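File shown: coords-v7.cif (mmCIF, C-alpha atoms).
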data_run
loop_
_atom_site.label_atom_id
_atom_site.label_comp_id
_atom_site.auth_asym_id
_atom_site.auth_seq_id
_atom_site.Cartn_x
_atom_site.Cartn_y
_atom_site.Cartn_z
CA MET J 1 139.51 -30.34 16.40
CA ASN J 2 141.95 -27.59 15.52
CA PHE J 3 145.12 -27.21 17.53
CA THR J 4 144.79 -24.02 19.58
CA ASN J 5 147.46 -21.35 19.74
CA GLN J 6 148.61 -22.57 23.15
CA GLU J 7 148.65 -26.19 21.99
CA LEU J 8 150.78 -25.21 19.01
CA ILE J 9 153.24 -23.37 21.24
CA THR J 10 153.46 -26.48 23.44
CA ILE J 11 154.04 -28.64 20.36
CA ARG J 12 156.76 -26.33 19.10
CA ARG J 13 158.54 -26.52 22.45
CA GLN J 14 158.33 -30.32 22.46
CA LEU J 15 159.85 -30.43 18.99
CA HIS J 16 162.48 -27.87 19.95
CA GLN J 17 163.77 -30.15 22.70
CA ILE J 18 164.46 -33.12 20.41
CA PRO J 19 166.36 -31.80 17.36
CA GLU J 20 167.97 -34.48 15.20
CA LEU J 21 170.39 -34.33 12.29
CA ALA J 22 169.61 -35.20 8.69
CA LEU J 23 168.15 -38.69 8.13
CA GLN J 24 168.24 -39.38 11.89
CA GLU J 25 164.91 -37.73 12.78
CA PHE J 26 163.29 -40.82 14.34
CA ALA J 27 162.15 -39.25 17.63
CA THR J 28 160.83 -36.26 15.69
CA GLN J 29 158.93 -38.54 13.33
CA LYS J 30 157.48 -40.49 16.27
CA LEU J 31 156.15 -37.29 17.88
CA LEU J 32 154.79 -36.02 14.57
CA LEU J 33 152.95 -39.29 13.93
CA LYS J 34 151.49 -39.21 17.44
CA LEU J 35 150.18 -35.68 16.88
CA ILE J 36 148.88 -36.40 13.38
CA THR J 37 147.03 -39.55 14.44
CA SER J 38 145.43 -37.63 17.32
CA LEU J 39 143.49 -35.65 14.71
CA PRO J 40 140.27 -36.83 13.08
CA THR J 41 141.48 -39.11 10.30
CA GLN J 42 138.38 -39.60 8.16
CA TYR J 43 139.89 -37.48 5.35
CA LEU J 44 143.52 -38.46 5.99
CA THR J 45 145.86 -41.06 4.51
CA ILE J 46 149.16 -41.18 6.43
CA LYS J 47 152.19 -42.81 4.83
CA THR J 48 155.84 -43.45 5.64
CA PHE J 49 158.46 -44.70 3.20
CA SER J 50 161.29 -47.22 3.33
CA GLU J 51 163.20 -45.11 0.77
CA LEU J 52 163.23 -42.14 3.18
CA PRO J 53 162.48 -43.69 6.58
CA THR J 54 161.91 -40.53 8.65
CA ALA J 55 159.63 -38.82 6.12
CA ILE J 56 155.86 -38.54 6.51
CA MET J 57 153.26 -37.70 3.90
CA VAL J 58 149.65 -36.98 4.76
CA HIS J 59 147.02 -36.92 2.01
CA VAL J 60 143.84 -34.97 2.80
CA GLN J 61 140.97 -36.03 0.56
CA GLY J 62 139.17 -33.13 -1.09
CA SER J 63 135.42 -32.92 -1.41
CA GLU J 64 135.48 -32.00 -5.13
CA PRO J 65 139.13 -32.29 -6.13
CA HIS J 66 140.44 -30.75 -9.33
CA LYS J 67 144.10 -30.77 -8.24
CA THR J 68 146.42 -31.81 -5.44
CA ILE J 69 148.24 -29.04 -3.57
CA GLY J 70 151.40 -29.85 -1.64
CA TYR J 71 152.77 -28.19 1.48
CA ARG J 72 156.28 -29.00 2.72
CA ALA J 73 157.73 -28.66 6.22
CA ASP J 74 161.37 -29.63 6.90
CA ILE J 75 162.09 -31.49 10.14
CA ASP J 76 165.85 -31.77 10.74
CA GLY J 77 168.08 -29.77 13.08
CA LEU J 78 171.63 -28.43 12.93
CA PRO J 79 174.90 -29.37 14.66
CA VAL J 80 174.75 -26.23 16.83
CA ALA J 81 175.00 -26.19 20.64
CA GLU J 82 172.12 -24.08 21.96
CA LYS J 83 173.00 -21.10 24.16
CA ASN J 84 169.44 -19.99 24.96
CA ASN J 85 168.60 -20.38 28.64
CA LEU J 86 165.10 -21.74 28.14
CA PRO J 87 163.14 -24.36 30.08
CA TYR J 88 162.50 -26.12 26.77
CA LYS J 89 166.01 -25.83 25.31
CA SER J 90 167.46 -28.68 23.29
CA LYS J 91 168.01 -31.91 25.21
CA HIS J 92 170.36 -33.22 22.53
CA PRO J 93 173.90 -31.94 23.15
CA GLY J 94 175.40 -30.15 20.19
CA ILE J 95 172.18 -30.21 18.15
CA MET J 96 169.59 -27.43 17.87
CA HIS J 97 166.68 -26.26 15.75
CA ALA J 98 168.77 -23.22 14.89
CA CYS J 99 167.02 -22.77 11.54
CA GLY J 100 163.50 -22.82 12.97
CA HIS J 101 162.34 -26.13 11.54
CA ASP J 102 160.44 -26.66 14.80
CA VAL J 103 158.35 -23.65 13.79
CA HIS J 104 157.96 -24.99 10.24
CA MET J 105 156.65 -28.33 11.53
CA THR J 106 154.31 -26.68 14.01
CA VAL J 107 152.78 -24.40 11.37
CA ALA J 108 152.21 -27.43 9.12
CA LEU J 109 150.55 -29.33 11.97
CA GLY J 110 148.29 -26.35 12.65
CA VAL J 111 147.25 -26.16 8.99
CA LEU J 112 146.74 -29.92 8.84
CA SER J 113 144.58 -29.83 11.98
CA TYR J 114 142.34 -27.24 10.31
CA PHE J 115 141.82 -29.25 7.14
CA ALA J 116 141.38 -32.49 9.10
CA THR J 117 138.20 -30.97 10.51
CA HIS J 118 137.26 -28.73 7.54
CA GLN J 119 137.42 -30.92 4.46
CA PRO J 120 139.19 -29.04 1.66
CA GLN J 121 137.74 -28.72 -1.81
CA ASP J 122 140.95 -29.92 -3.47
CA ASN J 123 143.27 -32.66 -2.29
CA LEU J 124 146.14 -31.62 -0.05
CA VAL J 125 149.45 -33.38 0.65
CA PHE J 126 151.55 -32.43 3.66
CA PHE J 127 155.19 -33.49 3.29
CA PHE J 128 157.17 -33.60 6.54
CA GLN J 129 160.62 -33.73 4.95
CA PRO J 130 163.86 -34.96 6.52
CA ALA J 131 167.35 -33.77 5.66
CA GLU J 132 166.92 -30.25 4.35
CA GLU J 133 170.08 -28.96 6.00
CA SER J 134 172.23 -31.66 4.40
CA GLN J 135 171.72 -34.79 2.29
CA SER J 136 168.83 -33.10 0.40
CA GLY J 137 165.77 -35.01 1.51
CA ALA J 138 163.75 -33.24 -1.18
CA LYS J 139 165.87 -34.77 -3.93
CA ILE J 140 165.80 -38.20 -2.29
CA ALA J 141 162.01 -38.07 -2.10
CA TYR J 142 161.52 -36.91 -5.67
CA ASP J 143 164.13 -39.18 -7.21
CA HIS J 144 162.65 -42.20 -5.39
CA GLN J 145 159.26 -41.30 -6.88
CA LEU J 146 157.48 -40.72 -3.59
CA PHE J 147 155.26 -38.12 -5.28
CA GLN J 148 153.23 -40.71 -7.13
CA GLY J 149 149.61 -41.86 -7.13
CA GLN J 150 147.53 -39.90 -4.62
CA PHE J 151 150.72 -38.06 -3.58
CA ALA J 152 151.34 -36.66 -7.09
CA LEU J 153 151.26 -32.87 -6.84
CA THR J 154 149.87 -30.16 -9.08
CA GLU J 155 151.63 -27.38 -7.15
CA ILE J 156 153.60 -27.03 -3.92
CA TYR J 157 154.32 -24.37 -1.26
CA ALA J 158 156.58 -23.87 1.74
CA LEU J 159 157.67 -21.18 4.16
CA HIS J 160 160.92 -20.34 5.90
CA ASP J 161 161.01 -18.34 9.11
CA THR J 162 163.30 -15.32 9.36
CA PRO J 163 164.39 -13.03 12.19
CA GLU J 164 164.91 -10.31 9.59
CA LEU J 165 161.15 -9.60 9.59
CA PRO J 166 158.85 -8.83 12.54
CA VAL J 167 155.92 -11.03 13.50
CA GLY J 168 152.99 -10.31 11.20
CA THR J 169 155.20 -9.54 8.21
CA ILE J 170 155.53 -11.97 5.32
CA GLY J 171 157.88 -11.59 2.40
CA THR J 172 158.44 -13.18 -0.96
CA ARG J 173 159.26 -12.19 -4.50
CA GLN J 174 158.88 -13.13 -8.12
CA GLY J 175 161.88 -15.03 -9.39
CA THR J 176 164.56 -16.47 -7.12
CA LEU J 177 164.04 -16.44 -3.35
CA PHE J 178 167.03 -18.65 -2.44
CA ALA J 179 170.20 -19.18 -4.46
CA GLY J 180 171.30 -22.57 -5.65
CA THR J 181 174.50 -23.96 -4.17
CA THR J 182 177.15 -26.38 -5.41
CA GLU J 183 180.12 -27.76 -3.50
CA ILE J 184 183.53 -27.65 -5.22
CA ASN J 185 186.50 -29.94 -4.57
CA VAL J 186 189.70 -29.42 -6.56
CA ASP J 187 192.76 -31.69 -6.39
CA PHE J 188 196.18 -30.84 -7.85
CA TYR J 189 198.78 -33.54 -8.54
CA GLY J 190 202.42 -32.74 -9.36
CA GLN J 191 205.73 -33.90 -7.89
CA ASP J 192 206.97 -33.39 -4.36
CA GLY J 193 210.64 -32.71 -3.61
CA HIS J 194 213.26 -30.96 -1.52
CA ALA J 195 212.98 -27.19 -1.14
CA ALA J 196 216.62 -26.85 -2.22
CA TYR J 197 215.99 -28.55 -5.60
CA PRO J 198 212.83 -26.96 -7.07
CA GLN J 199 213.86 -27.97 -10.59
CA LYS J 200 213.30 -31.60 -9.65
CA ALA J 201 209.78 -31.04 -8.32
CA ASN J 202 206.45 -29.61 -9.47
CA ASP J 203 205.00 -27.38 -6.77
CA MET J 204 201.23 -27.77 -6.39
CA ILE J 205 200.97 -24.92 -3.90
CA VAL J 206 202.05 -22.62 -6.73
CA ALA J 207 199.54 -24.25 -9.11
CA ALA J 208 196.73 -24.02 -6.58
CA ALA J 209 197.59 -20.38 -5.87
CA ALA J 210 197.41 -19.58 -9.59
CA PHE J 211 194.04 -21.34 -9.79
CA ILE J 212 192.72 -19.32 -6.83
CA THR J 213 193.86 -16.07 -8.41
CA GLN J 214 192.34 -16.83 -11.81
CA VAL J 215 189.04 -17.96 -10.29
CA GLN J 216 188.56 -14.44 -8.92
CA THR J 217 188.08 -13.18 -12.48
CA ILE J 218 185.12 -15.48 -13.22
CA ILE J 219 182.56 -13.38 -11.36
CA SER J 220 184.12 -10.05 -12.37
CA ARG J 221 184.69 -10.86 -16.06
CA SER J 222 182.49 -13.79 -17.10
CA ILE J 223 179.24 -12.94 -15.34
CA ASP J 224 176.73 -10.25 -16.30
CA PRO J 225 177.19 -7.57 -13.60
CA LEU J 226 173.40 -7.26 -13.36
CA GLN J 227 173.21 -10.93 -12.38
CA ALA J 228 174.50 -12.53 -9.19
CA GLY J 229 176.93 -15.32 -8.56
CA VAL J 230 179.42 -16.20 -5.83
CA ILE J 231 182.50 -18.41 -5.73
CA THR J 232 184.16 -18.97 -2.36
CA LEU J 233 187.20 -21.19 -1.90
CA GLY J 234 187.19 -21.58 1.85
CA LYS J 235 189.67 -24.38 2.51
CA MET J 236 193.13 -25.28 1.21
CA THR J 237 195.39 -28.11 2.35
CA ALA J 238 198.87 -28.82 1.00
CA GLY J 239 202.30 -29.84 2.16
CA ASN J 240 203.66 -31.35 5.36
CA VAL J 241 206.81 -29.41 6.31
CA ARG J 242 208.27 -25.99 5.55
CA ASN J 243 211.32 -27.20 3.63
CA ALA J 244 209.62 -29.59 1.20
CA ILE J 245 207.80 -28.85 -2.04
CA ALA J 246 204.21 -30.08 -2.01
CA GLY J 247 203.34 -32.48 -4.77
CA GLN J 248 199.62 -32.35 -3.98
CA ALA J 249 197.13 -29.68 -2.99
CA HIS J 250 193.42 -29.75 -2.23
CA LEU J 251 190.84 -26.94 -2.34
CA GLU J 252 187.24 -26.90 -1.13
CA GLY J 253 184.65 -24.25 -1.81
CA THR J 254 181.14 -23.38 -2.88
CA ILE J 255 179.30 -21.84 -5.82
CA ARG J 256 176.14 -19.81 -5.37
CA GLY J 257 173.88 -18.57 -8.15
CA LEU J 258 170.36 -17.18 -8.50
CA THR J 259 169.51 -19.36 -11.49
CA GLN J 260 170.51 -22.81 -12.61
CA PRO J 261 172.01 -21.50 -15.89
CA MET J 262 174.19 -19.18 -13.79
CA ILE J 263 175.49 -22.13 -11.75
CA THR J 264 176.09 -24.11 -14.96
CA LEU J 265 178.09 -21.21 -16.45
CA ILE J 266 180.24 -20.84 -13.32
CA LYS J 267 180.93 -24.59 -13.30
CA GLN J 268 181.95 -24.46 -16.95
CA ARG J 269 184.35 -21.55 -16.34
CA LEU J 270 185.87 -23.27 -13.30
CA GLN J 271 186.50 -26.38 -15.36
CA GLU J 272 188.13 -24.28 -18.08
CA VAL J 273 190.39 -22.55 -15.55
CA ALA J 274 191.33 -25.93 -14.08
CA SER J 275 192.24 -27.23 -17.55
CA GLY J 276 194.36 -24.15 -18.21
CA ILE J 277 196.22 -24.54 -14.92
CA ALA J 278 196.87 -28.21 -15.68
CA THR J 279 198.44 -27.28 -19.01
CA SER J 280 200.41 -24.30 -17.71
CA TYR J 281 201.85 -26.09 -14.69
CA HIS J 282 202.25 -29.59 -16.18
CA ALA J 283 199.93 -30.82 -13.44
CA GLN J 284 196.93 -33.05 -13.17
CA VAL J 285 193.93 -31.10 -11.92
CA LYS J 286 190.69 -32.83 -11.00
CA ILE J 287 187.63 -30.77 -10.15
CA ASN J 288 184.47 -32.28 -8.67
CA PHE J 289 181.08 -30.58 -8.29
CA ASN J 290 178.31 -31.68 -5.94
CA GLN J 291 175.03 -29.80 -6.15
CA GLY J 292 172.73 -32.47 -4.79
CA GLY J 293 169.23 -31.04 -4.58
CA TYR J 294 170.19 -27.48 -3.72
CA PHE J 295 168.82 -25.84 -6.84
CA PRO J 296 167.75 -22.18 -6.78
CA VAL J 297 164.30 -21.64 -5.31
CA GLU J 298 162.82 -20.03 -8.41
CA ASN J 299 159.21 -19.17 -7.57
CA ASN J 300 156.68 -20.02 -10.27
CA PRO J 301 155.48 -16.70 -11.81
CA GLU J 302 151.75 -17.50 -11.88
CA LEU J 303 151.57 -19.11 -8.45
CA THR J 304 153.71 -16.38 -6.89
CA ALA J 305 151.48 -13.68 -8.39
CA SER J 306 148.51 -15.42 -6.75
CA LEU J 307 150.38 -15.61 -3.42
CA ILE J 308 151.42 -11.94 -3.52
CA THR J 309 147.91 -10.80 -4.38
CA PHE J 310 146.57 -12.79 -1.44
CA LEU J 311 149.18 -11.38 0.96
CA GLN J 312 148.58 -7.81 -0.17
CA GLN J 313 144.87 -8.19 0.50
CA ALA J 314 145.13 -10.05 3.82
CA PRO J 315 144.31 -7.51 6.57
CA GLN J 316 146.37 -9.26 9.25
CA ILE J 317 149.52 -9.40 7.10
CA ASN J 318 152.15 -6.80 6.27
CA TYR J 319 153.53 -7.95 2.92
CA VAL J 320 157.02 -6.92 1.81
CA GLN J 321 159.00 -7.78 -1.30
CA THR J 322 162.26 -9.34 -0.19
CA ALA J 323 165.63 -9.52 -1.92
CA PRO J 324 167.05 -12.87 -3.03
CA ALA J 325 169.06 -14.72 -0.37
CA MET J 326 172.37 -16.35 -1.30
CA THR J 327 171.76 -19.17 1.18
CA GLY J 328 170.68 -22.58 -0.10
CA GLU J 329 167.40 -24.49 0.29
CA ASP J 330 166.58 -27.91 -1.16
CA PHE J 331 162.98 -26.81 -1.76
CA GLY J 332 164.59 -25.53 -4.95
CA TYR J 333 164.77 -29.11 -6.22
CA LEU J 334 161.03 -29.55 -5.76
CA VAL J 335 160.06 -26.29 -7.50
CA ASN J 336 162.43 -27.27 -10.32
CA LYS J 337 160.17 -30.31 -10.83
CA ILE J 338 156.78 -29.11 -9.57
CA PRO J 339 155.35 -25.58 -9.93
CA GLY J 340 155.55 -23.90 -6.55
CA ALA J 341 156.43 -20.93 -4.40
CA MET J 342 158.08 -20.18 -1.08
CA PHE J 343 157.81 -17.25 1.31
CA TRP J 344 159.42 -15.83 4.45
CA LEU J 345 157.53 -15.83 7.77
CA GLY J 346 158.67 -13.07 10.10
CA VAL J 347 159.50 -14.36 13.58
CA GLY J 348 161.07 -11.26 15.16
CA ASP J 349 164.66 -10.26 15.78
CA HIS J 350 165.80 -12.88 18.29
CA GLY J 351 169.18 -14.13 17.11
CA SER J 352 170.16 -14.96 13.55
CA LEU J 353 169.39 -18.12 11.60
CA HIS J 354 171.85 -20.96 12.24
CA SER J 355 173.06 -19.26 15.42
CA ALA J 356 173.14 -20.75 18.93
CA THR J 357 170.86 -17.94 20.16
CA PHE J 358 168.12 -18.13 17.53
CA ASN J 359 164.83 -17.86 19.42
CA PRO J 360 161.77 -17.15 17.24
CA ASP J 361 158.74 -15.35 18.62
CA GLU J 362 156.10 -18.05 19.04
CA GLN J 363 153.27 -15.66 18.18
CA ALA J 364 154.39 -16.08 14.58
CA ILE J 365 153.15 -19.69 14.59
CA MET J 366 149.46 -18.80 14.44
CA VAL J 367 150.20 -16.09 11.86
CA GLY J 368 151.72 -18.83 9.71
CA VAL J 369 148.84 -21.23 10.29
CA GLN J 370 146.18 -18.67 9.39
CA THR J 371 148.10 -17.39 6.37
CA VAL J 372 148.79 -20.82 4.88
CA SER J 373 145.26 -22.10 5.59
CA ASP J 374 143.59 -19.07 4.03
CA PHE J 375 145.93 -19.02 1.04
CA LEU J 376 145.38 -22.71 0.31
CA LYS J 377 141.63 -22.08 0.36
CA THR J 378 142.05 -19.34 -2.25
CA ARG J 379 144.05 -21.72 -4.42
CA MET J 380 141.18 -24.20 -4.24
CA GLN J 381 138.95 -21.58 -5.84
CA THR J 382 141.30 -21.45 -8.86
CA ASN J 383 141.04 -24.45 -11.15
#
Show me, as structure tokens, the structure contained in the file I just sent.
Amino acid sequence: MNFTNQELITIRRQLHQIPELALQEFATQKLLLKLITSLPTQYLTIKTFSELPTAIMVHVQGSEPHKTIGYRADIDGLPVAEKNNLPYKSKHPGIMHACGHDVHMTVALGVLSYFATHQPQDNLVFFFQPAEESQSGAKIAYDHQLFQGQFALTEIYALHDTPELPVGTIGTRQGTLFAGTTEINVDFYGQDGHAAYPQKANDMIVAAAAFITQVQTIISRSIDPLQAGVITLGKMTAGNVRNAIAGQAHLEGTIRGLTQPMITLIKQRLQEVASGIATSYHAQVKINFNQGGYFPVENNPELTASLITFLQQAPQINYVQTAPAMTGEDFGYLVNKIPGAMFWLGVGDHGSLHSATFNPDEQAIMVGVQTVSDFLKTRMQTN
């Protein structure tokens, strides 16, 4: 059986009520497994993993397989208190599917239900992935070698819903769809002292301020103006009282870049600035970078060309080329390892992503199911 449109809407509402944070998606996994095992399972192999306990992979055996195509749906929620007055609003205080992962899961279930009853030509693997919003479940899965044996992938796809596009519109692009992100932590160590005797101290607020000022020149003077990169230092802590010189300071921020070489260049320049500040201010400056799995989502040229051609020819779809987004997505780690592509699914203008009022139009679910199902069938005709 295929899940009907109304069944999918009901499923989405059930998932919407039980959002869970990264690596805690046990109730979500339980519901997903119940729904998956309700399908005909003659073509299916369902697997969970001790290395990533809330993940699910479903292998669909192809009739004449030449490759194995992956499809990923992320399953975690966000620490956002929902403000929508809906009968199916989140039952978990302070947690919400504010990024639409309930829609992502529901679309994947709809596609899986189709291929459970219509055996595909090629093998398919559906990856219900925990911890996209934080902890990078994609990296955990890949680094723990979960994509092995019958779960080894030839290519992989995913969607992300967006209120920036109306229902029936799908967008993607060649090149980068999502930027890569890297967290920055910078610590400055000098000598604290009395405000009246600055000569006996080494002020790390001054050193940190100089670092902040110099960092502003990295994007404007070290980066090709036709490329894109962002450095934001969003948090600074230093000192305890107004009449004492701070011997330590701490900065936190983020890097964003459309390619991995761009992120590497920005990291190199930040390290060089930190070294210069350490020398100039006789300070110790330690800078730490944490990218995790949030690499840029750089769509594979060949696979993306195939996807765009399909979307342009699909009568029920309005295809648009979208600009790169500077937000992060750990699907970038997977397409850094496995050829793949990602696209935007329009869900109507009902609140912004990551907001307490995000409320996607549920008619987009079947648009996603039909689009993904039909596109995967076209990929099976290309060997």
Practice item. Select, from J:Leu124, J:Leu39, J:Leu109, J:Val215, the residue with the minimum atom-to-atom distance to Glu155 of chain J, counting all atoms listed in the file. Key: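 That would be J:Leu124, the residue with the smallest distance to Glu155 of chain J.
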Edge lengths and centre in Å, axis-aligned, segment 12-23 of chain J plus 5 Å each side, as lines of an AutoDock Vina configuration file:
center_x = 163.6
center_y = -32.5
center_z = 15.4
size_x = 23.6
size_y = 22.4
size_z = 24.6
**Study point:** Neighbour list for Ala305 of chain J as a ChimeraX atom specification, cut-off 10 Å, only C-alpha atoms, skip fewer than 4 positions in-chain
**Key:** /J:173-174,299-301,309-311,341
Practice item. Expand the PyMOL selection byres ((chain J and resi 38) around 12) into the individual residues it matches in the shown file, reporting them as an MDAnalysis selection string. Key: chainID J and resid 1:3 31:37 39:42 44 109 112:113 116:117
Exercise for review: Work out how far apart atom CA of Val320 of chain J and atom CA of Thr162 of chain J are and give it in Å to one decimal.
Suggested key: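 Those two atoms sit 12.9 Å apart.
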Point to revise | Residues in the PyMOL selection byres ((chain J and resi 252-264) around 8), expressed as an MDAnalysis selection string | key: chainID J and resid 176 178:186 227:236 250:251 265:268 295:296 298 324 326:327
Exercise for review: Within 7 Å of segment 57-72 of chain J, counting all atoms listed in the file, which residues show up once you throw out same-chain ones fewer than 4 positions away? Write them as JSON, numbers by chain, please.
Suggested key: {"J": [43, 44, 45, 46, 47, 48, 119, 120, 121, 122, 123, 124, 125, 126, 127, 128, 129, 151, 153, 154, 155, 156, 157, 158, 383]}
**Study point:** Answer key for the PyMOL selection byres ((chain J and resi 111) around 8), residues as a list in words
**Key:** Val107, Ala108, Leu109, Gly110, Leu112, Ser113, Tyr114, Phe115, Val369, Gln370, Val372 and Ser373 of chain J
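Atom pair atom CA of Ile205 of chain J / atom CA of Gly292 of chain J has a distance of 29.2 Å (rounded to one decimal).
Atom to atom, atom CA of Asn359 of chain J and atom CA of Asn84 of chain J stand 7.5 Å apart.
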Practice item. Within 8 Å of Ser136 of chain J, counting only C-alpha atoms, which residues show up once you throw out same-chain ones fewer than 2 positions away? Write them as number ranges by chain, please. Key: J: 131-134, 138-140, 292-294, 330
Can I get the selected residues back with C-alpha atoms, as a JSON list (two decimals), in the coordinates of the input?
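Final output, result21.json:
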[["chain", "number", "residue", "atom", "x", "y", "z"],
["J", 131, "ALA", "CA", 167.35, -33.77, 5.66],
["J", 132, "GLU", "CA", 166.92, -30.25, 4.35],
["J", 133, "GLU", "CA", 170.08, -28.96, 6.00],
["J", 134, "SER", "CA", 172.23, -31.66, 4.40],
["J", 138, "ALA", "CA", 163.75, -33.24, -1.18],
["J", 139, "LYS", "CA", 165.87, -34.77, -3.93],
["J", 140, "ILE", "CA", 165.80, -38.20, -2.29],
["J", 292, "GLY", "CA", 172.73, -32.47, -4.79],
["J", 293, "GLY", "CA", 169.23, -31.04, -4.58],
["J", 294, "TYR", "CA", 170.19, -27.48, -3.72],
["J", 330, "ASP", "CA", 166.58, -27.91, -1.16]]
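The neighbours of Ala210 of chain J here are the residues that come within 12 Å of it, using only C-alpha atoms and leaving out any residue fewer than 2 positions away in the same chain; they are Phe188, Asp203, Met204, Ile205, Val206, Ala207, Ala208, Ile212, Thr213, Gln214, Val215, Gln216, Thr217, Val273, Ala274, Gly276, Ile277, Ala278, Ser280 and Tyr281 of chain J.
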Would you output that residue set with C-alpha atoms, as an mmCIF file, keeping the file's coordinate frame?
data_model
loop_
_atom_site.group_PDB
_atom_site.id
_atom_site.type_symbol
_atom_site.label_atom_id
_atom_site.label_comp_id
_atom_site.auth_asym_id
_atom_site.auth_seq_id
_atom_site.Cartn_x
_atom_site.Cartn_y
_atom_site.Cartn_z
ATOM 1 C CA PHE J 188 196.180 -30.840 -7.850
ATOM 2 C CA ASP J 203 205.000 -27.380 -6.770
ATOM 3 C CA MET J 204 201.230 -27.770 -6.390
ATOM 4 C CA ILE J 205 200.970 -24.920 -3.900
ATOM 5 C CA VAL J 206 202.050 -22.620 -6.730
ATOM 6 C CA ALA J 207 199.540 -24.250 -9.110
ATOM 7 C CA ALA J 208 196.730 -24.020 -6.580
ATOM 8 C CA ILE J 212 192.720 -19.320 -6.830
ATOM 9 C CA THR J 213 193.860 -16.070 -8.410
ATOM 10 C CA GLN J 214 192.340 -16.830 -11.810
ATOM 11 C CA VAL J 215 189.040 -17.960 -10.290
ATOM 12 C CA GLN J 216 188.560 -14.440 -8.920
ATOM 13 C CA THR J 217 188.080 -13.180 -12.480
ATOM 14 C CA VAL J 273 190.390 -22.550 -15.550
ATOM 15 C CA ALA J 274 191.330 -25.930 -14.080
ATOM 16 C CA GLY J 276 194.360 -24.150 -18.210
ATOM 17 C CA ILE J 277 196.220 -24.540 -14.920
ATOM 18 C CA ALA J 278 196.870 -28.210 -15.680
ATOM 19 C CA SER J 280 200.410 -24.300 -17.710
ATOM 20 C CA TYR J 281 201.850 -26.090 -14.690
#
**Study point:** Nearest to Cys99 of chain J by atom-to-atom distance, counting only C-alpha atoms, from J:Thr371, J:His160, J:Ala283, J:Pro339
**Key:** J:His160
Review point. Which of these, J:Gly94, J:Gly100, J:Pro130, J:Gly332, has the shortest distance to Thr28 of chain J once you count all atoms listed in the file?
Key: J:Pro130
Exercise for review: Using only C-alpha atoms, pick whichever of J:Arg12, J:Thr237, J:Ile365, J:Gly190 has the shortest atom-to-atom distance to Thr279 of chain J.
Suggested key: J:Gly190
Check your understanding: J:Ala314, J:His354, J:Ala27, J:Thr106: which is nearest Gln6 of chain J, counting all atoms listed in the file?
Key -> J:Thr106
